[in-house]
Amino acid sequence: MADEMDEIINEFIVEAEEILEQLDPLFVELEQKQDAEIINEIFRGMHTLKGAAGFLGFQNVVDVAHRAETILKKVREGEIPISAEITDAILKAVDTLRILISHIKAKEEITENIQPILDLLDKALEKASLQEPEKTEEIEQKIEKAETEEIESKPSSKPEEVVTQAPKEKEVATLRVDVERIDKVMDLAGEIVLARNRLLNLSNKLEAKYAGDEHVEGLVETTAFLDRVTSDLQLAVMKMRMQPLQKVFVKFPRMVRDLARTLGKEVDLEIIGEDTEVDKSVIEHIGDPLVHIIRNSIDHGIESPEERISKGKPSKGKIVINAYQKGTQIVIDISDDGKGIDYEAVKAKAITKGLITLEEAEKMSEEAIINLIFLPGFSTKDVSTELSGRGVGMDVVKSNVAKLNGYVEIFTEKDKGTTFRISLPLTLAIIQAMMVQVGDEIYAIPQSMIEETLRIGIDEIKEVTGQRVLTIRDRVLPLFLLNEILSTTGGVDNDRKYILVASVGDRRFCISVDSVIGQEEIVIKTINGIDSEECGIMGATITGDGKVVLILDLAVLSRKVLTVK
């Protein structure tokens, strides 16, 4: 019986968290557009939460939800207007409900004093009741329509009445599975991929050595079938781990609203591509970097209404979050229409803090100057506030994104705005990689960062102000030797060179290697004790012939070689 009750409580917690997660953006939308359908959706969510909590005896949850529901009912019926004060009070009630649910989830005794939030709700209701809202004909009609549909949806009590309905679409069955079990399946799929690669390598060697042998041919056919099944299994497990970015984005409308009100600014938020799916591990770790960037955009980027009007801009600023898939990567753009980043201010502050010298600053490109804001402790603000100026933030963004094997780019224009672009791999476990050799060492480079491979004559390499360059389709690109980037031995002096044309965001450059072995599907294994940001190594893998190979992070290496141009 105890197990059954635990299961019921767990289902309640999941349902409650889903309801509360959806309420924040609905309230923000309601403030901007007073729509009866939104009011009804919020009311139903709060009513459902109250009913489920009452069934399980969580009285504190019932009391807070009931008091908030009372206000929502009056808003729904047009007795009181929706206002910033009403919204603030109910959002604080939602925050309180989150705390109460978290205690239930942790199986802790609920000791929260809910009286302050009850008093706040009562005070907001009392103040709103003094204002007579104008119930528009449109809202009245929507409310009446919703109520009519609710009545008509109830079954008729007359047995002789038969209602014929169109057949419903087949519902998709769902099953809640512990995340650890899915992770375990993913780990096993990774091991199968490694074993498949090893088996393919051995079967190819046997086929070459014993061509025509019927047993070898049978082995090759079976291995080919295993290859296809393994790829299908890998894809199926990856899809199991995929989740929409909406799970991260859903909290941003409330956050933008609250921050803008705190700073006395007006900011609209537009979200595009919230259905874009990424690996579960990305969902778990991308939230904090996005929060830092959005806070930075509101505090540093968006001007006050008065300043915006003086510049000929609308008084209300705008932030746009756009997520989309580009090849094997997920890209998230966070753009604002604020004042942009002042290159000279960044450069001056970096010199003042001793991060760069005056001579270095004069040689730095605009891109290199902007990237200075990612240095630990860097801030252009002289006075610390609760939101920024404490020397933490953008360095956290860079390090957290790097842990996901991604990178951040910044595009800015004075008085036009700034865009932070985060590029992440679609999956963090199994990727396509190009295997290359320098000296006696073999390295793996993610295929998503390589545009093409070339073999050129040594006479095609030129030098411009001490930098090796290649001209590819009328575009001059810098060329770097991989052994020099990694500070290793190797580098064969042949008349012809193998070249990788790499692309990291909008940056393109060339890397010279001794030979290109080919493409291989690899499983990324983390290496404890190394700093990937320092050495440019994102992990290791085991190749088809059983060798351990390091996986290079071109995003990190490109920053090392392209910082000062």
# chains A, B, ... in the order shown; residues from 1 in each chain; ligands from 1
$ select_by_dssp --residues "stretch 211-387 of chain A" --states "helix (DSSP H, G or I)" --output "number ranges by chain"
A: 214-241, 246-249, 252-263, 280-301, 305-310, 343-352, 358-363, 366-374
$ write_last_selection --atoms "C-alpha atoms" --output "mmCIF file, in the first residue's frame"
data_model
loop_
_atom_site.group_PDB
_atom_site.id
_atom_site.type_symbol
_atom_site.label_atom_id
_atom_site.label_comp_id
_atom_site.auth_asym_id
_atom_site.auth_seq_id
_atom_site.Cartn_x
_atom_site.Cartn_y
_atom_site.Cartn_z
ATOM 1 C CA GLU A 214 32.607 -18.773 -47.574
ATOM 2 C CA HIS A 215 33.023 -18.417 -43.795
ATOM 3 C CA VAL A 216 34.685 -15.025 -44.177
ATOM 4 C CA GLU A 217 31.937 -13.923 -46.576
ATOM 5 C CA GLY A 218 29.347 -14.981 -43.988
ATOM 6 C CA LEU A 219 31.197 -13.003 -41.344
ATOM 7 C CA VAL A 220 31.288 -9.903 -43.589
ATOM 8 C CA GLU A 221 27.524 -10.157 -44.274
ATOM 9 C CA THR A 222 26.738 -10.586 -40.584
ATOM 10 C CA THR A 223 29.005 -7.688 -39.658
ATOM 11 C CA ALA A 224 27.299 -5.472 -42.243
ATOM 12 C CA PHE A 225 23.898 -6.377 -40.762
ATOM 13 C CA LEU A 226 25.194 -5.669 -37.247
ATOM 14 C CA ASP A 227 26.461 -2.313 -38.509
ATOM 15 C CA ARG A 228 22.974 -1.322 -39.708
ATOM 16 C CA VAL A 229 21.267 -2.530 -36.518
ATOM 17 C CA THR A 230 23.798 -0.724 -34.341
ATOM 18 C CA SER A 231 23.184 2.537 -36.209
ATOM 19 C CA ASP A 232 19.414 2.114 -35.783
ATOM 20 C CA LEU A 233 19.841 1.318 -32.088
ATOM 21 C CA GLN A 234 22.062 4.347 -31.584
ATOM 22 C CA LEU A 235 19.533 6.617 -33.325
ATOM 23 C CA ALA A 236 16.649 5.200 -31.269
ATOM 24 C CA VAL A 237 18.480 5.739 -27.963
ATOM 25 C CA MET A 238 19.509 9.242 -28.980
ATOM 26 C CA LYS A 239 15.857 10.094 -29.729
ATOM 27 C CA MET A 240 14.895 8.788 -26.294
ATOM 28 C CA ARG A 241 17.264 11.336 -24.760
ATOM 29 C CA GLN A 246 11.024 24.692 -24.420
ATOM 30 C CA LYS A 247 11.889 23.025 -21.097
ATOM 31 C CA VAL A 248 14.640 25.653 -20.697
ATOM 32 C CA PHE A 249 12.957 28.586 -22.433
ATOM 33 C CA PHE A 252 12.554 33.181 -19.450
ATOM 34 C CA PRO A 253 9.362 35.251 -20.000
ATOM 35 C CA ARG A 254 8.891 35.549 -16.232
ATOM 36 C CA MET A 255 12.580 36.284 -15.675
ATOM 37 C CA VAL A 256 12.667 39.020 -18.341
ATOM 38 C CA ARG A 257 9.500 40.587 -16.932
ATOM 39 C CA ASP A 258 10.833 40.662 -13.366
ATOM 40 C CA LEU A 259 14.305 41.977 -14.307
ATOM 41 C CA ALA A 260 12.880 44.687 -16.539
ATOM 42 C CA ARG A 261 10.527 45.867 -13.756
ATOM 43 C CA THR A 262 13.411 45.876 -11.266
ATOM 44 C CA LEU A 263 15.561 48.049 -13.565
ATOM 45 C CA LYS A 280 19.112 15.690 -22.354
ATOM 46 C CA SER A 281 22.564 16.606 -21.058
ATOM 47 C CA VAL A 282 22.449 19.865 -23.041
ATOM 48 C CA ILE A 283 19.067 20.724 -21.493
ATOM 49 C CA GLU A 284 20.544 20.166 -18.023
ATOM 50 C CA HIS A 285 23.524 22.498 -18.501
ATOM 51 C CA ILE A 286 22.524 25.207 -20.987
ATOM 52 C CA GLY A 287 20.119 27.004 -18.630
ATOM 53 C CA ASP A 288 22.730 28.916 -16.598
ATOM 54 C CA PRO A 289 24.654 30.302 -19.612
ATOM 55 C CA LEU A 290 21.406 31.514 -21.186
ATOM 56 C CA VAL A 291 20.329 33.171 -17.917
ATOM 57 C CA HIS A 292 23.656 35.040 -17.711
ATOM 58 C CA ILE A 293 23.375 36.260 -21.301
ATOM 59 C CA ILE A 294 19.766 37.426 -20.907
ATOM 60 C CA ARG A 295 20.545 39.244 -17.666
ATOM 61 C CA ASN A 296 23.525 40.862 -19.387
ATOM 62 C CA SER A 297 21.336 41.943 -22.319
ATOM 63 C CA ILE A 298 18.749 43.574 -20.047
ATOM 64 C CA ASP A 299 21.242 45.218 -17.668
ATOM 65 C CA HIS A 300 24.035 46.230 -20.081
ATOM 66 C CA GLY A 301 22.370 46.215 -23.496
ATOM 67 C CA PRO A 305 12.894 54.124 -22.059
ATOM 68 C CA GLU A 306 14.059 57.758 -21.955
ATOM 69 C CA GLU A 307 17.438 56.945 -23.515
ATOM 70 C CA ARG A 308 15.834 54.825 -26.240
ATOM 71 C CA ILE A 309 13.387 57.604 -27.135
ATOM 72 C CA SER A 310 16.253 60.119 -27.330
ATOM 73 C CA TYR A 343 34.932 48.256 -28.285
ATOM 74 C CA GLU A 344 36.935 51.139 -26.884
ATOM 75 C CA ALA A 345 35.390 50.767 -23.411
ATOM 76 C CA VAL A 346 36.204 47.039 -23.390
ATOM 77 C CA LYS A 347 39.764 47.689 -24.545
ATOM 78 C CA ALA A 348 40.319 50.476 -21.998
ATOM 79 C CA LYS A 349 38.982 48.400 -19.116
ATOM 80 C CA ALA A 350 41.150 45.411 -20.108
ATOM 81 C CA ILE A 351 44.248 47.650 -20.152
ATOM 82 C CA THR A 352 43.315 49.174 -16.788
ATOM 83 C CA LEU A 358 48.597 48.927 -24.788
ATOM 84 C CA GLU A 359 50.763 47.425 -27.554
ATOM 85 C CA GLU A 360 48.694 44.237 -27.625
ATOM 86 C CA ALA A 361 45.465 46.250 -27.704
ATOM 87 C CA GLU A 362 46.576 48.155 -30.795
ATOM 88 C CA LYS A 363 47.160 44.896 -32.711
ATOM 89 C CA GLU A 366 37.483 43.710 -33.064
ATOM 90 C CA GLU A 367 36.624 40.044 -32.563
ATOM 91 C CA ALA A 368 39.581 39.561 -30.213
ATOM 92 C CA ILE A 369 38.610 42.691 -28.244
ATOM 93 C CA ILE A 370 35.018 41.503 -27.789
ATOM 94 C CA ASN A 371 36.232 38.100 -26.594
ATOM 95 C CA LEU A 372 37.979 39.863 -23.688
ATOM 96 C CA ILE A 373 34.612 40.004 -21.888
ATOM 97 C CA PHE A 374 34.901 36.238 -21.398
#
$ select_by_dssp --residues "stretch 288-463 of chain A" --states "strand (DSSP E or B)" --output "MDAnalysis selection string"
chainID A and resid 317:326 329:336 407:413 417:425 430:438 441:446 450:457 462:463
$ atom_distance --atom1 "atom CA of A:Thr427" --atom2 "atom CA of A:Val278"
7.1 Å
$ closest_residue --among "A:Val504, A:Ile485, A:Val397, A:Leu100" --to "A:Lys560" --atoms "only C-alpha atoms"
A:Ile485
$ residues_around --residues "A:Ser503" --least-positions-apart "3" --cutoff "8 Å" --atoms "only C-alpha atoms" --output "ChimeraX atom specification"
/A:449-451,506-509
$ write_last_selection --atoms "N, CA, C and O atoms" --output "compact mmCIF listing (two decimals), in the first residue's frame"
# COMPACT_ATOMS: atom_id res chain seq x y z
N MET A 449 32.92 20.29 -37.70
CA MET A 449 33.76 21.49 -37.78
C MET A 449 34.63 21.51 -39.03
O MET A 449 35.41 22.45 -39.22
N ILE A 450 34.51 20.49 -39.87
CA ILE A 450 35.36 20.42 -41.07
C ILE A 450 34.49 20.60 -42.31
O ILE A 450 33.55 19.83 -42.54
N GLU A 451 34.80 21.63 -43.10
CA GLU A 451 34.04 21.89 -44.32
C GLU A 451 34.47 20.97 -45.46
O GLU A 451 33.65 20.43 -46.19
N ASP A 506 31.59 31.71 -37.65
CA ASP A 506 31.87 32.48 -38.86
C ASP A 506 33.36 32.53 -39.18
O ASP A 506 33.77 33.19 -40.13
N ARG A 507 34.17 31.84 -38.39
CA ARG A 507 35.62 31.84 -38.62
C ARG A 507 36.01 30.62 -39.46
O ARG A 507 35.61 29.50 -39.15
N ARG A 508 36.82 30.85 -40.49
CA ARG A 508 37.30 29.75 -41.33
C ARG A 508 38.82 29.82 -41.38
O ARG A 508 39.41 30.91 -41.48
N PHE A 509 39.45 28.68 -41.30
CA PHE A 509 40.91 28.62 -41.35
C PHE A 509 41.31 27.22 -41.81
O PHE A 509 40.46 26.31 -41.90
$ residues_around --residues "A:Cys535" --least-positions-apart "3" --cutoff "12 Å" --atoms "only C-alpha atoms" --output "JSON, numbers by chain"
{"A": [485, 486, 487, 527, 529, 530, 531, 532, 538, 539, 550, 551, 552, 553, 554, 555, 556, 557, 558, 559, 560]}
$ write_last_selection --atoms "all heavy atoms" --output "compact mmCIF listing (two decimals), in the first residue's frame"
# COMPACT_ATOMS: atom_id res chain seq x y z
N ILE A 485 50.34 23.85 -33.45
CA ILE A 485 49.24 24.23 -32.55
C ILE A 485 49.30 23.42 -31.27
O ILE A 485 49.11 23.95 -30.17
CB ILE A 485 47.87 24.01 -33.24
CG1 ILE A 485 47.71 24.91 -34.47
CG2 ILE A 485 46.73 24.28 -32.26
CD1 ILE A 485 46.44 24.66 -35.25
N LEU A 486 49.59 22.12 -31.41
CA LEU A 486 49.60 21.22 -30.25
C LEU A 486 50.96 21.18 -29.56
O LEU A 486 51.11 20.52 -28.53
CB LEU A 486 49.21 19.80 -30.68
CG LEU A 486 47.81 19.65 -31.30
CD1 LEU A 486 47.60 18.22 -31.77
CD2 LEU A 486 46.73 20.05 -30.29
N SER A 487 51.95 21.85 -30.14
CA SER A 487 53.32 21.86 -29.59
C SER A 487 53.87 20.44 -29.47
O SER A 487 54.40 20.03 -28.44
CB SER A 487 53.35 22.55 -28.22
OG SER A 487 52.91 23.88 -28.33
N ILE A 527 38.11 12.63 -20.14
CA ILE A 527 39.41 12.40 -19.49
C ILE A 527 39.46 13.25 -18.23
O ILE A 527 39.45 14.48 -18.31
CB ILE A 527 40.58 12.77 -20.43
CG1 ILE A 527 40.47 12.02 -21.76
CG2 ILE A 527 41.92 12.46 -19.75
CD1 ILE A 527 41.54 12.42 -22.76
N GLY A 529 40.86 15.21 -15.08
CA GLY A 529 42.10 15.87 -14.70
C GLY A 529 42.72 16.76 -15.76
O GLY A 529 43.80 17.30 -15.55
N ILE A 530 42.04 16.92 -16.90
CA ILE A 530 42.59 17.82 -17.92
C ILE A 530 41.66 19.02 -18.09
O ILE A 530 40.45 18.92 -17.89
CB ILE A 530 42.79 17.12 -19.28
CG1 ILE A 530 41.43 16.79 -19.93
CG2 ILE A 530 43.64 15.90 -19.16
CD1 ILE A 530 41.54 16.45 -21.39
N ASP A 531 42.24 20.15 -18.43
CA ASP A 531 41.48 21.36 -18.68
C ASP A 531 41.32 21.51 -20.19
O ASP A 531 42.26 21.88 -20.89
CB ASP A 531 42.22 22.57 -18.10
CG ASP A 531 41.43 23.87 -18.25
OD1 ASP A 531 40.37 23.84 -18.91
OD2 ASP A 531 41.88 24.90 -17.71
N SER A 532 40.11 21.21 -20.69
CA SER A 532 39.89 21.23 -22.13
C SER A 532 40.08 22.63 -22.70
O SER A 532 40.49 22.79 -23.85
CB SER A 532 38.49 20.71 -22.46
OG SER A 532 37.50 21.51 -21.85
N MET A 538 38.89 17.56 -26.09
CA MET A 538 37.56 17.38 -25.51
C MET A 538 37.35 15.97 -24.94
O MET A 538 36.36 15.73 -24.25
CB MET A 538 36.46 17.69 -26.53
CG MET A 538 36.38 16.73 -27.69
SD MET A 538 34.87 16.96 -28.68
CE MET A 538 35.05 18.63 -29.26
N GLY A 539 38.27 15.06 -25.22
CA GLY A 539 38.13 13.71 -24.69
C GLY A 539 38.96 12.73 -25.49
O GLY A 539 39.89 13.13 -26.22
N LEU A 550 43.10 10.80 -29.07
CA LEU A 550 42.59 12.04 -28.48
C LEU A 550 41.66 12.74 -29.48
O LEU A 550 41.91 12.74 -30.69
CB LEU A 550 43.73 12.98 -28.11
CG LEU A 550 44.69 12.47 -27.02
CD1 LEU A 550 45.83 13.47 -26.82
CD2 LEU A 550 43.95 12.24 -25.70
N ILE A 551 40.59 13.38 -28.94
CA ILE A 551 39.63 14.13 -29.76
C ILE A 551 39.91 15.61 -29.57
O ILE A 551 39.90 16.12 -28.45
CB ILE A 551 38.18 13.82 -29.36
CG1 ILE A 551 37.94 12.30 -29.35
CG2 ILE A 551 37.20 14.51 -30.29
CD1 ILE A 551 36.64 11.89 -28.70
N LEU A 552 40.21 16.31 -30.67
CA LEU A 552 40.57 17.72 -30.60
C LEU A 552 39.34 18.62 -30.63
O LEU A 552 38.37 18.33 -31.33
CB LEU A 552 41.50 18.08 -31.75
CG LEU A 552 42.79 17.26 -31.86
CD1 LEU A 552 43.63 17.77 -33.03
CD2 LEU A 552 43.58 17.31 -30.57
N ASP A 553 39.40 19.71 -29.88
CA ASP A 553 38.33 20.71 -29.85
C ASP A 553 38.79 21.92 -30.67
O ASP A 553 39.55 22.76 -30.19
CB ASP A 553 38.03 21.12 -28.40
CG ASP A 553 36.81 22.00 -28.29
OD1 ASP A 553 36.40 22.58 -29.32
OD2 ASP A 553 36.25 22.12 -27.19
N LEU A 554 38.33 22.00 -31.92
CA LEU A 554 38.79 23.07 -32.80
C LEU A 554 38.28 24.44 -32.33
O LEU A 554 38.90 25.46 -32.64
CB LEU A 554 38.31 22.82 -34.23
CG LEU A 554 39.01 21.71 -35.01
CD1 LEU A 554 38.63 21.77 -36.48
CD2 LEU A 554 40.53 21.79 -34.87
N ALA A 555 37.17 24.48 -31.61
CA ALA A 555 36.67 25.76 -31.11
C ALA A 555 37.70 26.39 -30.17
O ALA A 555 37.99 27.59 -30.24
CB ALA A 555 35.34 25.57 -30.40
N VAL A 556 38.28 25.57 -29.27
CA VAL A 556 39.29 26.07 -28.34
C VAL A 556 40.58 26.39 -29.08
O VAL A 556 41.18 27.45 -28.88
CB VAL A 556 39.56 25.04 -27.23
CG1 VAL A 556 40.73 25.48 -26.35
CG2 VAL A 556 38.31 24.84 -26.38
N LEU A 557 41.01 25.49 -29.95
CA LEU A 557 42.27 25.70 -30.68
C LEU A 557 42.20 26.93 -31.59
O LEU A 557 43.17 27.67 -31.74
CB LEU A 557 42.61 24.46 -31.51
CG LEU A 557 42.89 23.18 -30.70
CD1 LEU A 557 43.16 22.01 -31.64
CD2 LEU A 557 44.07 23.39 -29.75
N SER A 558 41.01 27.19 -32.16
CA SER A 558 40.87 28.35 -33.04
C SER A 558 41.01 29.65 -32.25
O SER A 558 41.56 30.63 -32.75
CB SER A 558 39.52 28.32 -33.76
OG SER A 558 38.45 28.55 -32.86
N ARG A 559 40.51 29.65 -31.02
CA ARG A 559 40.66 30.85 -30.20
C ARG A 559 42.12 31.10 -29.87
O ARG A 559 42.57 32.24 -29.77
CB ARG A 559 39.83 30.72 -28.91
CG ARG A 559 38.35 30.87 -29.13
CD ARG A 559 37.63 31.15 -27.82
NE ARG A 559 37.67 30.02 -26.92
CZ ARG A 559 36.77 29.05 -26.89
NH1 ARG A 559 35.75 29.08 -27.75
NH2 ARG A 559 36.85 28.06 -26.03
N LYS A 560 42.89 30.02 -29.71
CA LYS A 560 44.31 30.18 -29.39
C LYS A 560 45.08 30.79 -30.56
O LYS A 560 45.91 31.68 -30.37
CB LYS A 560 44.91 28.80 -29.04
CG LYS A 560 44.52 28.29 -27.66
CD LYS A 560 45.17 26.94 -27.42
CE LYS A 560 44.92 26.42 -26.02
NZ LYS A 560 45.54 27.27 -24.98
